[in-house]
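J.: My structure is stored as model03.pdb, with PDB, C-alpha atoms and all ligand atoms.
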```pdb
ATOM      1  CA  MET Z 250      -6.541 -35.642 -12.244  1.00  0.00           C
ATOM      2  CA  GLU Z 251      -5.154 -35.711  -8.738  1.00  0.00           C
ATOM      3  CA  THR Z 252      -2.661 -38.422  -9.725  1.00  0.00           C
ATOM      4  CA  LEU Z 253      -1.368 -36.339 -12.632  1.00  0.00           C
ATOM      5  CA  LYS Z 254      -0.838 -33.410 -10.279  1.00  0.00           C
ATOM      6  CA  GLU Z 255       1.096 -35.612  -7.889  1.00  0.00           C
ATOM      7  CA  PHE Z 256       3.158 -37.004 -10.732  1.00  0.00           C
ATOM      8  CA  LYS Z 257       4.072 -33.507 -11.947  1.00  0.00           C
ATOM      9  CA  LEU Z 258       5.034 -32.541  -8.411  1.00  0.00           C
ATOM     10  CA  PHE Z 259       7.216 -35.659  -8.178  1.00  0.00           C
ATOM     11  CA  VAL Z 260       8.958 -34.871 -11.482  1.00  0.00           C
ATOM     12  CA  ASN Z 261       9.618 -31.289 -10.366  1.00  0.00           C
ATOM     13  CA  LEU Z 262      10.983 -32.468  -7.047  1.00  0.00           C
ATOM     14  CA  LYS Z 263      13.314 -34.872  -8.841  1.00  0.00           C
ATOM     15  CA  LYS Z 264      14.466 -32.146 -11.220  1.00  0.00           C
ATOM     16  CA  ASN Z 265      15.246 -29.796  -8.363  1.00  0.00           C
ATOM     17  CA  HIS Z 266      17.048 -32.310  -6.220  1.00  0.00           C
ATOM     18  CA  MET Z 267      19.080 -34.176  -8.795  1.00  0.00           C
ATOM     19  CA  PRO Z 268      22.368 -32.466  -9.619  1.00  0.00           C
ATOM     20  CA  GLU Z 269      23.079 -31.980 -13.284  1.00  0.00           C
ATOM     21  CA  GLN Z 270      24.923 -34.989 -14.690  1.00  0.00           C
ATOM     22  CA  GLN Z 271      28.549 -34.273 -15.447  1.00  0.00           C
ATOM     23  CA  PRO Z 272      29.934 -35.793 -18.668  1.00  0.00           C
ATOM     24  CA  LEU Z 273      31.931 -38.999 -18.085  1.00  0.00           C
ATOM     25  CA  LEU Z 274      35.186 -37.975 -19.749  1.00  0.00           C
ATOM     26  CA  LYS Z 275      35.172 -34.516 -18.142  1.00  0.00           C
ATOM     27  CA  SER Z 276      34.659 -36.060 -14.702  1.00  0.00           C
ATOM     28  CA  ILE Z 277      37.475 -38.575 -15.154  1.00  0.00           C
ATOM     29  CA  LEU Z 278      39.878 -35.914 -16.433  1.00  0.00           C
ATOM     30  CA  ALA Z 279      38.918 -33.654 -13.519  1.00  0.00           C
ATOM     31  CA  LEU Z 280      39.589 -36.579 -11.098  1.00  0.00           C
ATOM     32  CA  LYS Z 281      36.063 -36.600  -9.638  1.00  0.00           C
ATOM     33  CA  CYS Z 282      34.257 -39.332  -7.701  1.00  0.00           C
ATOM     34  CA  SER Z 283      32.723 -41.970  -9.974  1.00  0.00           C
ATOM     35  CA  ARG Z 284      29.430 -42.262  -8.118  1.00  0.00           C
ATOM     36  CA  CYS Z 285      28.400 -38.584  -7.943  1.00  0.00           C
ATOM     37  CA  ARG Z 286      30.933 -36.976 -10.319  1.00  0.00           C
ATOM     38  CA  GLN Z 287      31.006 -34.000  -7.918  1.00  0.00           C
ATOM     39  CA  GLY Z 288      33.446 -34.766  -5.097  1.00  0.00           C
ATOM     40  CA  ASP Z 289      37.209 -34.702  -5.534  1.00  0.00           C
ATOM     41  CA  LEU Z 290      39.328 -37.834  -5.149  1.00  0.00           C
ATOM     42  CA  PHE Z 291      42.430 -35.995  -4.044  1.00  0.00           C
ATOM     43  CA  VAL Z 292      42.862 -33.538  -1.182  1.00  0.00           C
ATOM     44  CA  GLU Z 293      45.090 -31.130  -3.154  1.00  0.00           C
ATOM     45  CA  LYS Z 294      43.371 -30.102  -6.396  1.00  0.00           C
ATOM     46  CA  ASN Z 295      46.573 -29.013  -8.127  1.00  0.00           C
ATOM     47  CA  THR Z 296      48.368 -32.177  -9.277  1.00  0.00           C
ATOM     48  CA  TYR Z 297      51.668 -30.366  -9.659  1.00  0.00           C
ATOM     49  CA  ALA Z 298      51.681 -28.967  -6.138  1.00  0.00           C
ATOM     50  CA  PHE Z 299      53.812 -31.908  -5.035  1.00  0.00           C
ATOM     51  CA  LYS Z 300      53.158 -31.516  -1.322  1.00  0.00           C
ATOM     52  CA  ASP Z 301      50.009 -33.659  -1.276  1.00  0.00           C
ATOM     53  CA  LEU Z 302      50.386 -35.482  -4.564  1.00  0.00           C
ATOM     54  CA  PHE Z 303      49.449 -38.887  -3.128  1.00  0.00           C
ATOM     55  CA  THR Z 304      46.927 -37.842  -0.463  1.00  0.00           C
ATOM     56  CA  MET Z 305      43.395 -39.024  -1.238  1.00  0.00           C
ATOM     57  CA  HIS Z 306      40.168 -38.425   0.626  1.00  0.00           C
ATOM     58  CA  ASP Z 307      39.033 -41.599   2.444  1.00  0.00           C
ATOM     59  CA  LYS Z 308      35.458 -40.860   1.425  1.00  0.00           C
ATOM     60  CA  CYS Z 309      33.902 -38.680  -1.237  1.00  0.00           C
ATOM     61  CA  PRO Z 310      33.299 -35.231   0.293  1.00  0.00           C
ATOM     62  CA  HIS Z 311      30.032 -35.014  -1.658  1.00  0.00           C
ATOM     63  CA  CYS Z 312      28.376 -38.465  -1.566  1.00  0.00           C
ATOM     64  CA  GLU Z 313      30.372 -40.258   1.160  1.00  0.00           C
ATOM     65  CA  LEU Z 314      31.457 -43.117  -1.112  1.00  0.00           C
ATOM     66  CA  ASN Z 315      34.271 -45.034   0.543  1.00  0.00           C
ATOM     67  CA  TYR Z 316      36.975 -44.838  -2.144  1.00  0.00           C
ATOM     68  CA  GLU Z 317      39.009 -47.839  -1.052  1.00  0.00           C
ATOM     69  CA  LEU Z 318      36.443 -50.533  -1.899  1.00  0.00           C
ATOM     70  CA  GLU Z 319      38.641 -53.215  -0.371  1.00  0.00           C
ATOM     71  CA  VAL Z 320      42.103 -53.372   1.153  1.00  0.00           C
ATOM     72  CA  GLY Z 321      44.701 -52.632  -1.531  1.00  0.00           C
ATOM     73  CA  PHE Z 322      42.026 -51.685  -4.067  1.00  0.00           C
ATOM     74  CA  PHE Z 323      44.187 -49.100  -5.794  1.00  0.00           C
ATOM     75  CA  TYR Z 324      47.037 -51.538  -6.534  1.00  0.00           C
ATOM     76  CA  GLY Z 325      44.964 -52.420  -9.602  1.00  0.00           C
ATOM     77  CA  ALA Z 326      45.405 -48.875 -10.875  1.00  0.00           C
ATOM     78  CA  MET Z 327      48.938 -49.915 -11.816  1.00  0.00           C
ATOM     79  CA  TYR Z 328      47.499 -51.842 -14.773  1.00  0.00           C
ATOM     80  CA  VAL Z 329      45.898 -48.639 -16.057  1.00  0.00           C
ATOM     81  CA  SER Z 330      49.050 -46.647 -15.364  1.00  0.00           C
ATOM     82  CA  TYR Z 331      51.221 -49.203 -17.181  1.00  0.00           C
ATOM     83  CA  GLY Z 332      48.943 -49.195 -20.240  1.00  0.00           C
ATOM     84  CA  LEU Z 333      48.921 -45.408 -20.418  1.00  0.00           C
ATOM     85  CA  ALA Z 334      52.701 -45.178 -19.999  1.00  0.00           C
ATOM     86  CA  ILE Z 335      53.151 -47.604 -22.908  1.00  0.00           C
ATOM     87  CA  ALA Z 336      50.746 -45.507 -24.980  1.00  0.00           C
ATOM     88  CA  ILE Z 337      52.862 -42.415 -24.232  1.00  0.00           C
ATOM     89  CA  CYS Z 338      56.060 -44.282 -25.230  1.00  0.00           C
ATOM     90  CA  VAL Z 339      54.488 -45.326 -28.537  1.00  0.00           C
ATOM     91  CA  ALA Z 340      53.203 -41.801 -29.185  1.00  0.00           C
ATOM     92  CA  MET Z 341      56.673 -40.361 -28.495  1.00  0.00           C
ATOM     93  CA  PHE Z 342      58.228 -42.928 -30.831  1.00  0.00           C
ATOM     94  CA  VAL Z 343      55.876 -41.895 -33.627  1.00  0.00           C
ATOM     95  CA  ALA Z 344      56.632 -38.221 -32.908  1.00  0.00           C
ATOM     96  CA  THR Z 345      60.397 -38.912 -33.026  1.00  0.00           C
ATOM     97  CA  PHE Z 346      59.955 -40.913 -36.239  1.00  0.00           C
ATOM     98  CA  VAL Z 347      58.158 -38.007 -37.916  1.00  0.00           C
ATOM     99  CA  PHE Z 348      60.600 -35.372 -36.582  1.00  0.00           C
ATOM    100  CA  SER Z 349      63.672 -37.422 -37.553  1.00  0.00           C
ATOM    101  CA  PHE Z 350      62.572 -37.920 -41.121  1.00  0.00           C
ATOM    102  CA  LEU Z 351      61.705 -34.242 -41.492  1.00  0.00           C
ATOM    103  CA  PHE Z 352      65.349 -33.317 -40.951  1.00  0.00           C
ATOM    104  CA  SER Z 353      67.377 -36.424 -41.887  1.00  0.00           C
ATOM    105  CA  SER Z 354      66.995 -39.917 -43.310  1.00  0.00           C
ATOM    106  CA  GLU Z 355      67.353 -41.958 -40.103  1.00  0.00           C
ATOM    107  CA  ILE Z 356      65.702 -42.173 -36.698  1.00  0.00           C
ATOM    108  CA  ASN Z 357      67.379 -40.132 -33.983  1.00  0.00           C
ATOM    109  CA  PHE Z 358      67.283 -42.426 -30.918  1.00  0.00           C
ATOM    110  CA  THR Z 359      68.850 -39.825 -28.632  1.00  0.00           C
ATOM    111  CA  LEU Z 360      65.962 -37.524 -29.482  1.00  0.00           C
ATOM    112  CA  TYR Z 361      63.556 -40.379 -28.689  1.00  0.00           C
ATOM    113  CA  LEU Z 362      65.125 -40.989 -25.271  1.00  0.00           C
ATOM    114  CA  ILE Z 363      65.003 -37.289 -24.408  1.00  0.00           C
ATOM    115  CA  LEU Z 364      61.421 -36.784 -25.636  1.00  0.00           C
ATOM    116  CA  ASN Z 365      60.175 -39.972 -23.990  1.00  0.00           C
ATOM    117  CA  SER Z 366      61.841 -39.227 -20.656  1.00  0.00           C
ATOM    118  CA  LEU Z 367      60.457 -35.698 -20.642  1.00  0.00           C
ATOM    119  CA  ALA Z 368      56.946 -36.878 -21.514  1.00  0.00           C
ATOM    120  CA  LEU Z 369      56.957 -39.558 -18.797  1.00  0.00           C
ATOM    121  CA  VAL Z 370      58.390 -37.284 -16.108  1.00  0.00           C
ATOM    122  CA  ILE Z 371      55.983 -34.447 -16.915  1.00  0.00           C
ATOM    123  CA  SER Z 372      52.894 -36.659 -17.206  1.00  0.00           C
ATOM    124  CA  GLY Z 373      53.886 -38.893 -14.259  1.00  0.00           C
ATOM    125  CA  PRO Z 374      52.072 -37.137 -11.402  1.00  0.00           C
ATOM    126  CA  TYR Z 375      48.877 -36.700 -13.413  1.00  0.00           C
ATOM    127  CA  LEU Z 376      49.135 -40.273 -14.720  1.00  0.00           C
ATOM    128  CA  TYR Z 377      49.271 -41.538 -11.144  1.00  0.00           C
ATOM    129  CA  ARG Z 378      46.073 -39.723 -10.204  1.00  0.00           C
ATOM    130  CA  PHE Z 379      44.329 -40.348 -13.516  1.00  0.00           C
ATOM    131  CA  SER Z 380      44.894 -44.120 -13.388  1.00  0.00           C
ATOM    132  CA  ARG Z 381      43.467 -44.306  -9.855  1.00  0.00           C
ATOM    133  CA  THR Z 382      40.416 -42.391 -11.064  1.00  0.00           C
ATOM    134  CA  VAL Z 383      39.939 -44.675 -14.080  1.00  0.00           C
ATOM    135  CA  TRP Z 384      40.303 -47.727 -11.822  1.00  0.00           C
ATOM    136  CA  LEU Z 385      37.529 -46.424  -9.547  1.00  0.00           C
ATOM    137  CA  TYR Z 386      35.295 -45.688 -12.559  1.00  0.00           C
ATOM    138  CA  LEU Z 387      35.674 -49.313 -13.681  1.00  0.00           C
ATOM    139  CA  PHE Z 388      34.101 -50.558 -10.455  1.00  0.00           C
ATOM    140  CA  VAL Z 389      31.669 -47.881  -9.275  1.00  0.00           C
ATOM    141  CA  LYS Z 390      28.927 -46.721 -11.633  1.00  0.00           C
ATOM    142  CA  TYR Z 391      27.296 -43.304 -11.728  1.00  0.00           C
ATOM    143  CA  ALA Z 392      24.508 -43.230  -9.135  1.00  0.00           C
ATOM    144  CA  PRO Z 393      24.052 -39.752  -7.638  1.00  0.00           C
ATOM    145  CA  GLU Z 394      20.761 -40.808  -6.001  1.00  0.00           C
ATOM    146  CA  GLU Z 395      22.752 -43.000  -3.613  1.00  0.00           C
ATOM    147  CA  ARG Z 396      24.252 -39.942  -1.993  1.00  0.00           C
ATOM    148  CA  GLY Z 397      24.102 -40.268   1.780  1.00  0.00           C
ATOM    149  CA  LYS Z 398      22.204 -43.570   1.540  1.00  0.00           C
ATOM    150  CA  TYR Z 399      24.596 -45.356   3.817  1.00  0.00           C
ATOM    151  CA  ILE Z 400      25.131 -42.581   6.300  1.00  0.00           C
ATOM    152  CA  LYS Z 401      23.703 -43.458   9.697  1.00  0.00           C
ATOM    153  CA  LYS Z 402      21.314 -40.783  10.875  1.00  0.00           C
ATOM    154  CA  VAL Z 403      21.624 -39.771  14.512  1.00  0.00           C
ATOM    155  CA  ASP Z 404      18.383 -38.577  16.110  1.00  0.00           C
TER     156      ASP Z 404
HETATM  157 ZN    ZN Z 501      30.910 -38.915  -4.672  1.00  0.00          ZN
END
```
Using the file provided, produce a representation of the structure as structure tokens.
Ligand SMILES: [Zn+2]
T.:
Amino acid sequence: METLKEFKLFVNLKKNHMPEQQPLLKSILALKCSRCRQGDLFVEKNTYAFKDLFTMHDKCPHCELNYELEVGFFYGAMYVSYGLAIAICVAMFVATFVFSFLFSSEINFTLYLILNSLALVISGPYLYRFSRTVWLYLFVKYAPEERGKYIKKVD
């Protein structure tokens, strides 16, 4: 009986102390830390406020995860960025294809160049941040219980 009571107390404690789990896709799109899904990766929240576009926190403000796992860690994000940029180019080509054939019988390549350039320039800043976030999510799994685990306590 006593054990059951203790167990219930333990479960309640866990419930109260564990933050609600954020959905994976929502956290990635919102550029949140991969370990706690609470802290921001970038200092300036607004991607299109160009002043601090590239400035990242060194550590997660919520769980203290050191974002740069090793020297040059985020160079790998270029693979993600490249893949996404190609996906945008293909999507714009399909859009041009559909638009062109709605109004004439051949593909309008000038329209493609304009649409594609616009899409890449507009999505560029977000793509930069998004690919870094995805890269971090590939290497650090969700583990909110590790919050503050590696912080040295000073007595
Ligand atoms: Zn975190």
J.: Determine the residue membership of the PyMOL selection byres (((not hetatm)) within 10 of (chain Z and resi 501)) for the file above and supply it as a short mmCIF file (atom, residue, chain, number, x, y, z; two decimals) with C-alpha atoms, in the frame of the given file.
T.:
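Result file follows (expr09.cif):
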```cif
data_model
loop_
_atom_site.label_atom_id
_atom_site.label_comp_id
_atom_site.auth_asym_id
_atom_site.auth_seq_id
_atom_site.Cartn_x
_atom_site.Cartn_y
_atom_site.Cartn_z
CA LYS Z 281 36.06 -36.60 -9.64
CA CYS Z 282 34.26 -39.33 -7.70
CA SER Z 283 32.72 -41.97 -9.97
CA ARG Z 284 29.43 -42.26 -8.12
CA CYS Z 285 28.40 -38.58 -7.94
CA ARG Z 286 30.93 -36.98 -10.32
CA GLN Z 287 31.01 -34.00 -7.92
CA GLY Z 288 33.45 -34.77 -5.10
CA ASP Z 289 37.21 -34.70 -5.53
CA LEU Z 290 39.33 -37.83 -5.15
CA LYS Z 308 35.46 -40.86 1.42
CA CYS Z 309 33.90 -38.68 -1.24
CA PRO Z 310 33.30 -35.23 0.29
CA HIS Z 311 30.03 -35.01 -1.66
CA CYS Z 312 28.38 -38.47 -1.57
CA GLU Z 313 30.37 -40.26 1.16
CA LEU Z 314 31.46 -43.12 -1.11
CA ASN Z 315 34.27 -45.03 0.54
CA TYR Z 316 36.98 -44.84 -2.14
CA TYR Z 391 27.30 -43.30 -11.73
CA ALA Z 392 24.51 -43.23 -9.14
CA PRO Z 393 24.05 -39.75 -7.64
CA GLU Z 395 22.75 -43.00 -3.61
CA ARG Z 396 24.25 -39.94 -1.99
CA GLY Z 397 24.10 -40.27 1.78
#
```
J.: State, in Å with one decimal place, the distance from CA of Glu317 in chain Z to CA of Glu269 in chain Z.
T.: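 Those two atoms sit 25.6 Å apart.
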J.: Please return as a list in words every residue within 7 Å of (44.6, -38.3, -18.8), taking into account only C-alpha atoms and the file's own coordinates.
T.: Leu278, Leu376 and Phe379 of chain Z
J.: Between Z:Thr304, Z:Ser276, Z:Gln271, Z:Thr359, which has the minimum distance to Thr345 in chain Z (counting all atoms listed in the file)?
T.: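 Going through Z:Thr304, Z:Ser276, Z:Gln271, Z:Thr359 one by one, the smallest distance to Thr345 in chain Z is for Z:Thr359.
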J.: Find, counting all atoms listed in the file, the residue in Z:Leu302, Z:Met327, Z:Ile356, Z:Ala368 that gets nearest to Met341 in chain Z.
T.: Z:Ala368
J.: Using CA of Ala326 in chain Z and CA of Leu367 in chain Z as the two end points, give the distance in Å to one decimal.
T.: 22.3 Å
J.: Just how far from CA of Asn357 in chain Z is CA of Ala340 in chain Z, in Å to one decimal?
T.: 15.1 Å
J.: Measuring atom to atom with all atoms listed in the file, identify which of Z:Leu360, Z:Val329, Z:Ala334, Z:Ala298 is nearest to Leu385 in chain Z.
T.: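 Checking each candidate against Leu385 in chain Z, we get Z:Val329 as the closest.
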J.: Hey, what's within 12 Å of Tyr297 in chain Z if we count all atoms listed in the file and toss same-chain stuff fewer than 5 positions away? As a ChimeraX atom specification, please?
T.: /Z:302-303,370-378
J.: I need the residue nearest Ser380 in chain Z from this list: Z:Tyr328, Z:Lys254, Z:Phe291, Z:Asp307. Use all atoms listed in the file for the distance.
T.: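 Nearest candidate to Ser380 in chain Z out of Z:Tyr328, Z:Lys254, Z:Phe291, Z:Asp307: Z:Tyr328.
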